[in-house]
Amino acid sequence: MARIFNFAAGPSTLPLPVLEKIQQEIVDYQGAGFSLIEASHRGPHYSEVHAAATAGLRKLLGLPENYHVLWLQGGATLQFSMVPLNLLAGGKPADYTLTGTWAKKAVADAKKIGKVNLVFDGTEAKFMTLPRASEVKASAGAVFLHLTSNETIGGVQWQEWPAVDVPLVCDMSSDFLSRRIPLEKFGLIYAGAQKNLGPAGLAVVIIRDDVLARCSDDLTAYLSYKIHAAGDSLYNTPPVFPIWVSRLVLDYLNGKGGLPWVEKLAEDRSRLLYGMMDKHPDFYRCPVAAHCRSKMNVVWRLPSEDLEKQFIAEAKKAGMDGLKGHRSVGGCRASIYNAMPLEGAQTLAGFMDEFARKHG
Ligand SMILES: Cc1ncc(COP(=O)(O)O)c(C=O)c1O
């Protein structure tokens with residue numbers, strides 16, 4: 001078996017022990033005589049997994065009782081609609097921060113549903129920077145302030161949180177569970193699973209009681225947070241396979257030492273890569289402002305597009321894949337999510353060093 005270091009932006013690398021466990025159990029789930037993905041979602045086998053996934057997430061985040069965990073489908077993209085449908089009924093306003101490709105999509109959907117105030121617009125700066133947290137103010141009457149904690153394509157990440165007196169609503173798709181966060185500031189967090197948690201096909205929503213209470217009662221069933229919360233995410237058939245894998249990933253992360261462990265690993269991995277850019281400043285250029293460089297999606301440029309192509313091709317031969325920047329921005333990008341071992345970042349940093357010496 002030859003596993004490469006997979007730096008893809010998502011779907012992305014998963015912990016090997018989790019994949020091996022799935023492989024062991026996929027045909028005959030713990031002696032049941034059938035696979036978990038063939039089992040009823042209301043039967044005992046899946047019920048245990050469902051409850052354990054929620055318990056594992058609660059433990060990892062230290063989630064207080066007044067937050068509900070919802071396991072949904074439709075990716076983070078459906079949340080771009082569900083958030084305003086639930087919270088901006090009747091045209092109520094919300095504040096949004098326009099920080100990159102993903103925030104842009106969230107804003108576009110919210111504008112079709114309610115009133116959106118842009119309290120930050122990074123368009124002119126080509127989304128290469130974020131405001132300081134203290135510069136972000138909520139507008140009068142806003143129901144929430146929406147952030148994208150980490151822009152997967154642009155490589156900017158909020159390192160501190162705005163102190164506003166409205167609940168933060170946050171798309172954490174690409175840095176979910178990668179660091180400790182002040183939960184009390186967040187009224188609602190959502191994330192697609194396929195970067196830091198599990199396979200695609202699952203989105204997690206964490207919603208606080210008081211925010212849930214304000215949600216619309218007039219929505220069709222799947223769109224209603226209240227219906228999913230009342231049914232413990234079993235109103236309809238949940239995405240059982242991604243929830244099963246996520247449960248195993250959560251067990252793995254909790255077993256390793258929880259958020260302090262992942263947070264330190266994220267810092268160590270990213271420091272290695274940014275350190276290499278500092279070491280070769282005439283060869284590697286990080287376009288992102290220093291105060292908001294992502295610890296999950298590290299982006300950089302080389303002196304020419306030809307050298308970038310060569311870098312990516314040679315890295316692939318050396319066992320590192322997924323380093324091409326998003327097609328909309330070009331360059332290189334290393335996605336170093338929770339399951340990327342430190343060794344992956346060390347190998348990449350060593351390769352960067354050698355490549356710069358050869359071609360710089
Ligand atoms: C920050 C962010 N938000 C939202 C999405 C959309 O997620 P999904 O494809 O699960 O709908 C992505 C996908 O990469 C993302 O990176």
# chains A, B, ... in the order shown; residues from 1 in each chain; ligands from 1
$ residues_near_ligand --ligand "ligand 1" --cutoff "9 Å" --atoms "only C-alpha atoms and all ligand atoms" --output "MDAnalysis selection string"
chainID A and resid 9:11 73:80 100:103 105:106 148:153 171:175 190:195 200:203
$ residues_around --residues "stretch 208-225 of chain A" --least-positions-apart "6" --cutoff "10 Å" --atoms "only C-alpha atoms" --output "MDAnalysis selection string"
chainID A and resid 64:70 72:73 78:79 81:90 143:144 167 169 183:184 186:189 231 233 235:236
$ write_last_selection --atoms "C-alpha atoms" --output "mmCIF file, in the first residue's frame"
data_model
loop_
_atom_site.group_PDB
_atom_site.id
_atom_site.type_symbol
_atom_site.label_atom_id
_atom_site.label_comp_id
_atom_site.auth_asym_id
_atom_site.auth_seq_id
_atom_site.Cartn_x
_atom_site.Cartn_y
_atom_site.Cartn_z
ATOM 1 C CA PRO A 64 -22.710 23.465 26.426
ATOM 2 C CA GLU A 65 -26.208 21.966 26.731
ATOM 3 C CA ASN A 66 -27.845 25.020 25.170
ATOM 4 C CA TYR A 67 -26.387 24.187 21.739
ATOM 5 C CA HIS A 68 -28.016 21.662 19.392
ATOM 6 C CA VAL A 69 -26.047 19.564 16.921
ATOM 7 C CA LEU A 70 -27.704 18.904 13.565
ATOM 8 C CA LEU A 72 -27.716 17.553 7.594
ATOM 9 C CA GLN A 73 -27.272 17.093 3.862
ATOM 10 C CA LEU A 78 -27.492 24.622 1.490
ATOM 11 C CA GLN A 79 -26.645 26.503 4.693
ATOM 12 C CA SER A 81 -29.889 29.465 2.110
ATOM 13 C CA MET A 82 -31.036 27.811 5.327
ATOM 14 C CA VAL A 83 -29.430 30.432 7.563
ATOM 15 C CA PRO A 84 -31.319 33.383 6.043
ATOM 16 C CA LEU A 85 -34.504 31.382 5.434
ATOM 17 C CA ASN A 86 -34.645 30.515 9.118
ATOM 18 C CA LEU A 87 -33.428 33.802 10.553
ATOM 19 C CA LEU A 88 -34.293 36.568 8.103
ATOM 20 C CA ALA A 89 -37.950 35.746 7.436
ATOM 21 C CA GLY A 90 -39.962 38.853 6.691
ATOM 22 C CA VAL A 143 -30.070 39.743 13.513
ATOM 23 C CA PHE A 144 -26.590 38.242 13.223
ATOM 24 C CA PRO A 167 -24.653 36.434 17.584
ATOM 25 C CA VAL A 169 -23.058 33.009 12.447
ATOM 26 C CA LEU A 183 -18.273 29.304 21.745
ATOM 27 C CA GLU A 184 -20.347 31.870 23.621
ATOM 28 C CA PHE A 186 -21.444 31.985 18.223
ATOM 29 C CA GLY A 187 -25.174 31.642 17.707
ATOM 30 C CA LEU A 188 -24.783 29.267 14.793
ATOM 31 C CA ILE A 189 -21.847 27.429 13.231
ATOM 32 C CA GLY A 231 -36.210 15.126 15.454
ATOM 33 C CA SER A 233 -31.528 15.007 12.868
ATOM 34 C CA TYR A 235 -36.646 13.687 10.633
ATOM 35 C CA ASN A 236 -35.608 11.999 7.398
#
$ residues_around --residues "A:Asp251" --least-positions-apart "2" --cutoff "10 Å" --atoms "only C-alpha atoms" --output "PyMOL selection string"
chain A and resi 18+52-53+55-57+59-60+245-249+253-256+258
$ residues_around --residues "stretch 267-273 of chain A" --least-positions-apart "2" --cutoff "12 Å" --atoms "only C-alpha atoms" --output "ChimeraX atom specification"
/A:155,159,178-179,260-265,275-280,284-286,293-300,332-353
$ select_by_dssp --residues "stretch 73-159 of chain A" --states "alpha helix (DSSP H)" --output "number ranges by chain"
A: 75-87, 101-111
$ decode --residues "stretch 118-258 of chain A" --atoms "C-alpha atoms" --output "PDB file, in the first residue's frame"
ATOM      1  CA  LEU A 118     -21.934  44.376   4.051  1.00  0.00           C
ATOM      2  CA  VAL A 119     -19.848  45.410   7.041  1.00  0.00           C
ATOM      3  CA  PHE A 120     -16.626  44.468   5.292  1.00  0.00           C
ATOM      4  CA  ASP A 121     -15.918  44.197   1.576  1.00  0.00           C
ATOM      5  CA  GLY A 122     -12.527  42.794   0.596  1.00  0.00           C
ATOM      6  CA  THR A 123     -13.146  42.984  -3.157  1.00  0.00           C
ATOM      7  CA  GLU A 124     -10.727  45.843  -3.833  1.00  0.00           C
ATOM      8  CA  ALA A 125      -7.951  44.153  -1.857  1.00  0.00           C
ATOM      9  CA  LYS A 126      -8.623  41.042  -3.958  1.00  0.00           C
ATOM     10  CA  PHE A 127      -9.593  39.246  -0.736  1.00  0.00           C
ATOM     11  CA  MET A 128      -5.984  39.062   0.410  1.00  0.00           C
ATOM     12  CA  THR A 129      -6.653  40.560   3.809  1.00  0.00           C
ATOM     13  CA  LEU A 130      -9.249  40.657   6.593  1.00  0.00           C
ATOM     14  CA  PRO A 131     -10.179  43.542   8.850  1.00  0.00           C
ATOM     15  CA  ARG A 132      -8.926  43.580  12.420  1.00  0.00           C
ATOM     16  CA  ALA A 133     -11.615  42.174  14.680  1.00  0.00           C
ATOM     17  CA  SER A 134     -11.941  45.540  16.468  1.00  0.00           C
ATOM     18  CA  GLU A 135     -12.772  47.254  13.149  1.00  0.00           C
ATOM     19  CA  VAL A 136     -15.903  45.167  12.605  1.00  0.00           C
ATOM     20  CA  LYS A 137     -19.085  46.769  13.908  1.00  0.00           C
ATOM     21  CA  ALA A 138     -22.601  45.400  13.752  1.00  0.00           C
ATOM     22  CA  SER A 139     -25.341  47.559  12.229  1.00  0.00           C
ATOM     23  CA  ALA A 140     -28.434  48.603  14.087  1.00  0.00           C
ATOM     24  CA  GLY A 141     -31.133  45.936  13.961  1.00  0.00           C
ATOM     25  CA  ALA A 142     -28.924  43.210  12.496  1.00  0.00           C
ATOM     26  CA  VAL A 143     -30.070  39.743  13.513  1.00  0.00           C
ATOM     27  CA  PHE A 144     -26.590  38.242  13.223  1.00  0.00           C
ATOM     28  CA  LEU A 145     -23.124  38.867  11.833  1.00  0.00           C
ATOM     29  CA  HIS A 146     -21.945  36.307   9.297  1.00  0.00           C
ATOM     30  CA  LEU A 147     -18.290  35.313   8.981  1.00  0.00           C
ATOM     31  CA  THR A 148     -16.437  32.776   6.887  1.00  0.00           C
ATOM     32  CA  SER A 149     -13.805  31.739   9.407  1.00  0.00           C
ATOM     33  CA  ASN A 150     -11.405  30.480   6.756  1.00  0.00           C
ATOM     34  CA  GLU A 151     -11.522  31.210   3.026  1.00  0.00           C
ATOM     35  CA  THR A 152     -10.434  27.919   1.477  1.00  0.00           C
ATOM     36  CA  ILE A 153      -9.454  29.427  -1.872  1.00  0.00           C
ATOM     37  CA  GLY A 154      -7.912  32.755  -0.861  1.00  0.00           C
ATOM     38  CA  GLY A 155      -6.145  31.398   2.240  1.00  0.00           C
ATOM     39  CA  VAL A 156      -7.297  34.085   4.700  1.00  0.00           C
ATOM     40  CA  GLN A 157      -8.451  33.072   8.178  1.00  0.00           C
ATOM     41  CA  TRP A 158      -9.889  35.059  11.061  1.00  0.00           C
ATOM     42  CA  GLN A 159      -7.399  34.844  13.924  1.00  0.00           C
ATOM     43  CA  GLU A 160      -9.544  36.840  16.345  1.00  0.00           C
ATOM     44  CA  TRP A 161     -13.303  37.268  16.559  1.00  0.00           C
ATOM     45  CA  PRO A 162     -15.278  40.513  16.299  1.00  0.00           C
ATOM     46  CA  ALA A 163     -16.681  41.678  19.609  1.00  0.00           C
ATOM     47  CA  VAL A 164     -20.216  42.570  18.583  1.00  0.00           C
ATOM     48  CA  ASP A 165     -23.434  42.293  20.549  1.00  0.00           C
ATOM     49  CA  VAL A 166     -25.231  40.185  17.949  1.00  0.00           C
ATOM     50  CA  PRO A 167     -24.653  36.434  17.584  1.00  0.00           C
ATOM     51  CA  LEU A 168     -21.929  35.387  15.181  1.00  0.00           C
ATOM     52  CA  VAL A 169     -23.058  33.009  12.447  1.00  0.00           C
ATOM     53  CA  CYS A 170     -20.061  31.322  10.940  1.00  0.00           C
ATOM     54  CA  ASP A 171     -19.230  29.138   7.962  1.00  0.00           C
ATOM     55  CA  MET A 172     -16.416  27.046   9.458  1.00  0.00           C
ATOM     56  CA  SER A 173     -16.263  24.528   6.616  1.00  0.00           C
ATOM     57  CA  SER A 174     -12.521  24.640   6.131  1.00  0.00           C
ATOM     58  CA  ASP A 175     -11.250  25.131   9.667  1.00  0.00           C
ATOM     59  CA  PHE A 176     -13.918  23.329  11.672  1.00  0.00           C
ATOM     60  CA  LEU A 177     -12.499  21.613  14.781  1.00  0.00           C
ATOM     61  CA  SER A 178      -8.987  22.876  14.084  1.00  0.00           C
ATOM     62  CA  ARG A 179      -8.714  25.233  17.081  1.00  0.00           C
ATOM     63  CA  ARG A 180     -10.358  26.313  20.277  1.00  0.00           C
ATOM     64  CA  ILE A 181     -13.044  28.959  19.798  1.00  0.00           C
ATOM     65  CA  PRO A 182     -14.996  31.177  22.206  1.00  0.00           C
ATOM     66  CA  LEU A 183     -18.273  29.304  21.745  1.00  0.00           C
ATOM     67  CA  GLU A 184     -20.347  31.870  23.621  1.00  0.00           C
ATOM     68  CA  LYS A 185     -19.888  34.353  20.761  1.00  0.00           C
ATOM     69  CA  PHE A 186     -21.444  31.985  18.223  1.00  0.00           C
ATOM     70  CA  GLY A 187     -25.174  31.642  17.707  1.00  0.00           C
ATOM     71  CA  LEU A 188     -24.783  29.267  14.793  1.00  0.00           C
ATOM     72  CA  ILE A 189     -21.847  27.429  13.231  1.00  0.00           C
ATOM     73  CA  TYR A 190     -22.043  25.372  10.063  1.00  0.00           C
ATOM     74  CA  ALA A 191     -19.519  23.302   8.165  1.00  0.00           C
ATOM     75  CA  GLY A 192     -19.365  20.883   5.272  1.00  0.00           C
ATOM     76  CA  ALA A 193     -17.706  17.733   6.617  1.00  0.00           C
ATOM     77  CA  GLN A 194     -15.333  16.973   3.765  1.00  0.00           C
ATOM     78  CA  LYS A 195     -12.280  18.858   4.995  1.00  0.00           C
ATOM     79  CA  ASN A 196     -11.739  18.420   8.696  1.00  0.00           C
ATOM     80  CA  LEU A 197     -14.368  15.915   9.720  1.00  0.00           C
ATOM     81  CA  GLY A 198     -15.338  13.203   7.260  1.00  0.00           C
ATOM     82  CA  PRO A 199     -16.595  12.389   3.770  1.00  0.00           C
ATOM     83  CA  ALA A 200     -18.647  14.727   1.591  1.00  0.00           C
ATOM     84  CA  GLY A 201     -22.417  14.510   1.796  1.00  0.00           C
ATOM     85  CA  LEU A 202     -22.730  15.820   5.333  1.00  0.00           C
ATOM     86  CA  ALA A 203     -22.998  19.268   6.851  1.00  0.00           C
ATOM     87  CA  VAL A 204     -22.961  19.949  10.579  1.00  0.00           C
ATOM     88  CA  VAL A 205     -24.950  22.786  12.091  1.00  0.00           C
ATOM     89  CA  ILE A 206     -24.498  23.852  15.694  1.00  0.00           C
ATOM     90  CA  ILE A 207     -27.231  26.191  16.842  1.00  0.00           C
ATOM     91  CA  ARG A 208     -27.838  27.866  20.179  1.00  0.00           C
ATOM     92  CA  ASP A 209     -31.241  27.625  21.896  1.00  0.00           C
ATOM     93  CA  ASP A 210     -32.095  31.324  21.681  1.00  0.00           C
ATOM     94  CA  VAL A 211     -31.220  31.430  17.966  1.00  0.00           C
ATOM     95  CA  LEU A 212     -33.243  28.281  17.310  1.00  0.00           C
ATOM     96  CA  ALA A 213     -36.202  29.832  19.089  1.00  0.00           C
ATOM     97  CA  ARG A 214     -36.104  32.761  16.651  1.00  0.00           C
ATOM     98  CA  CYS A 215     -36.192  30.533  13.550  1.00  0.00           C
ATOM     99  CA  SER A 216     -39.118  30.682  11.163  1.00  0.00           C
ATOM    100  CA  ASP A 217     -42.042  28.292  11.677  1.00  0.00           C
ATOM    101  CA  ASP A 218     -43.197  28.658   8.100  1.00  0.00           C
ATOM    102  CA  LEU A 219     -40.578  26.686   6.220  1.00  0.00           C
ATOM    103  CA  THR A 220     -40.962  23.420   4.385  1.00  0.00           C
ATOM    104  CA  ALA A 221     -39.684  20.529   6.487  1.00  0.00           C
ATOM    105  CA  TYR A 222     -36.132  19.998   5.291  1.00  0.00           C
ATOM    106  CA  LEU A 223     -35.324  23.700   5.433  1.00  0.00           C
ATOM    107  CA  SER A 224     -36.439  24.102   9.029  1.00  0.00           C
ATOM    108  CA  TYR A 225     -33.814  23.981  11.791  1.00  0.00           C
ATOM    109  CA  LYS A 226     -36.625  23.557  14.309  1.00  0.00           C
ATOM    110  CA  ILE A 227     -37.816  20.357  12.645  1.00  0.00           C
ATOM    111  CA  HIS A 228     -34.303  18.874  12.488  1.00  0.00           C
ATOM    112  CA  ALA A 229     -33.612  19.822  16.099  1.00  0.00           C
ATOM    113  CA  ALA A 230     -36.920  18.374  17.316  1.00  0.00           C
ATOM    114  CA  GLY A 231     -36.210  15.126  15.454  1.00  0.00           C
ATOM    115  CA  ASP A 232     -32.561  14.816  16.565  1.00  0.00           C
ATOM    116  CA  SER A 233     -31.528  15.007  12.868  1.00  0.00           C
ATOM    117  CA  LEU A 234     -33.662  11.924  12.154  1.00  0.00           C
ATOM    118  CA  TYR A 235     -36.646  13.687  10.633  1.00  0.00           C
ATOM    119  CA  ASN A 236     -35.608  11.999   7.398  1.00  0.00           C
ATOM    120  CA  THR A 237     -32.920   9.427   6.581  1.00  0.00           C
ATOM    121  CA  PRO A 238     -29.613  10.983   7.587  1.00  0.00           C
ATOM    122  CA  PRO A 239     -26.403  10.491   5.571  1.00  0.00           C
ATOM    123  CA  VAL A 240     -25.408   7.402   7.541  1.00  0.00           C
ATOM    124  CA  PHE A 241     -22.047   6.672   5.947  1.00  0.00           C
ATOM    125  CA  PRO A 242     -20.516  10.154   6.422  1.00  0.00           C
ATOM    126  CA  ILE A 243     -21.895  10.290   9.966  1.00  0.00           C
ATOM    127  CA  TRP A 244     -20.328   6.908  10.727  1.00  0.00           C
ATOM    128  CA  VAL A 245     -16.935   8.050   9.412  1.00  0.00           C
ATOM    129  CA  SER A 246     -17.243  11.354  11.266  1.00  0.00           C
ATOM    130  CA  ARG A 247     -17.939   9.506  14.510  1.00  0.00           C
ATOM    131  CA  LEU A 248     -14.688   7.585  14.020  1.00  0.00           C
ATOM    132  CA  VAL A 249     -12.775  10.785  13.190  1.00  0.00           C
ATOM    133  CA  LEU A 250     -14.187  12.414  16.323  1.00  0.00           C
ATOM    134  CA  ASP A 251     -13.149   9.409  18.430  1.00  0.00           C
ATOM    135  CA  TYR A 252      -9.702   9.658  16.853  1.00  0.00           C
ATOM    136  CA  LEU A 253      -9.353  13.389  17.584  1.00  0.00           C
ATOM    137  CA  ASN A 254     -10.658  13.059  21.138  1.00  0.00           C
ATOM    138  CA  GLY A 255      -8.282  10.139  21.702  1.00  0.00           C
ATOM    139  CA  LYS A 256      -5.297  12.153  20.494  1.00  0.00           C
ATOM    140  CA  GLY A 257      -5.867  14.996  22.928  1.00  0.00           C
ATOM    141  CA  GLY A 258      -8.757  16.998  21.501  1.00  0.00           C
TER     142      GLY A 258
END
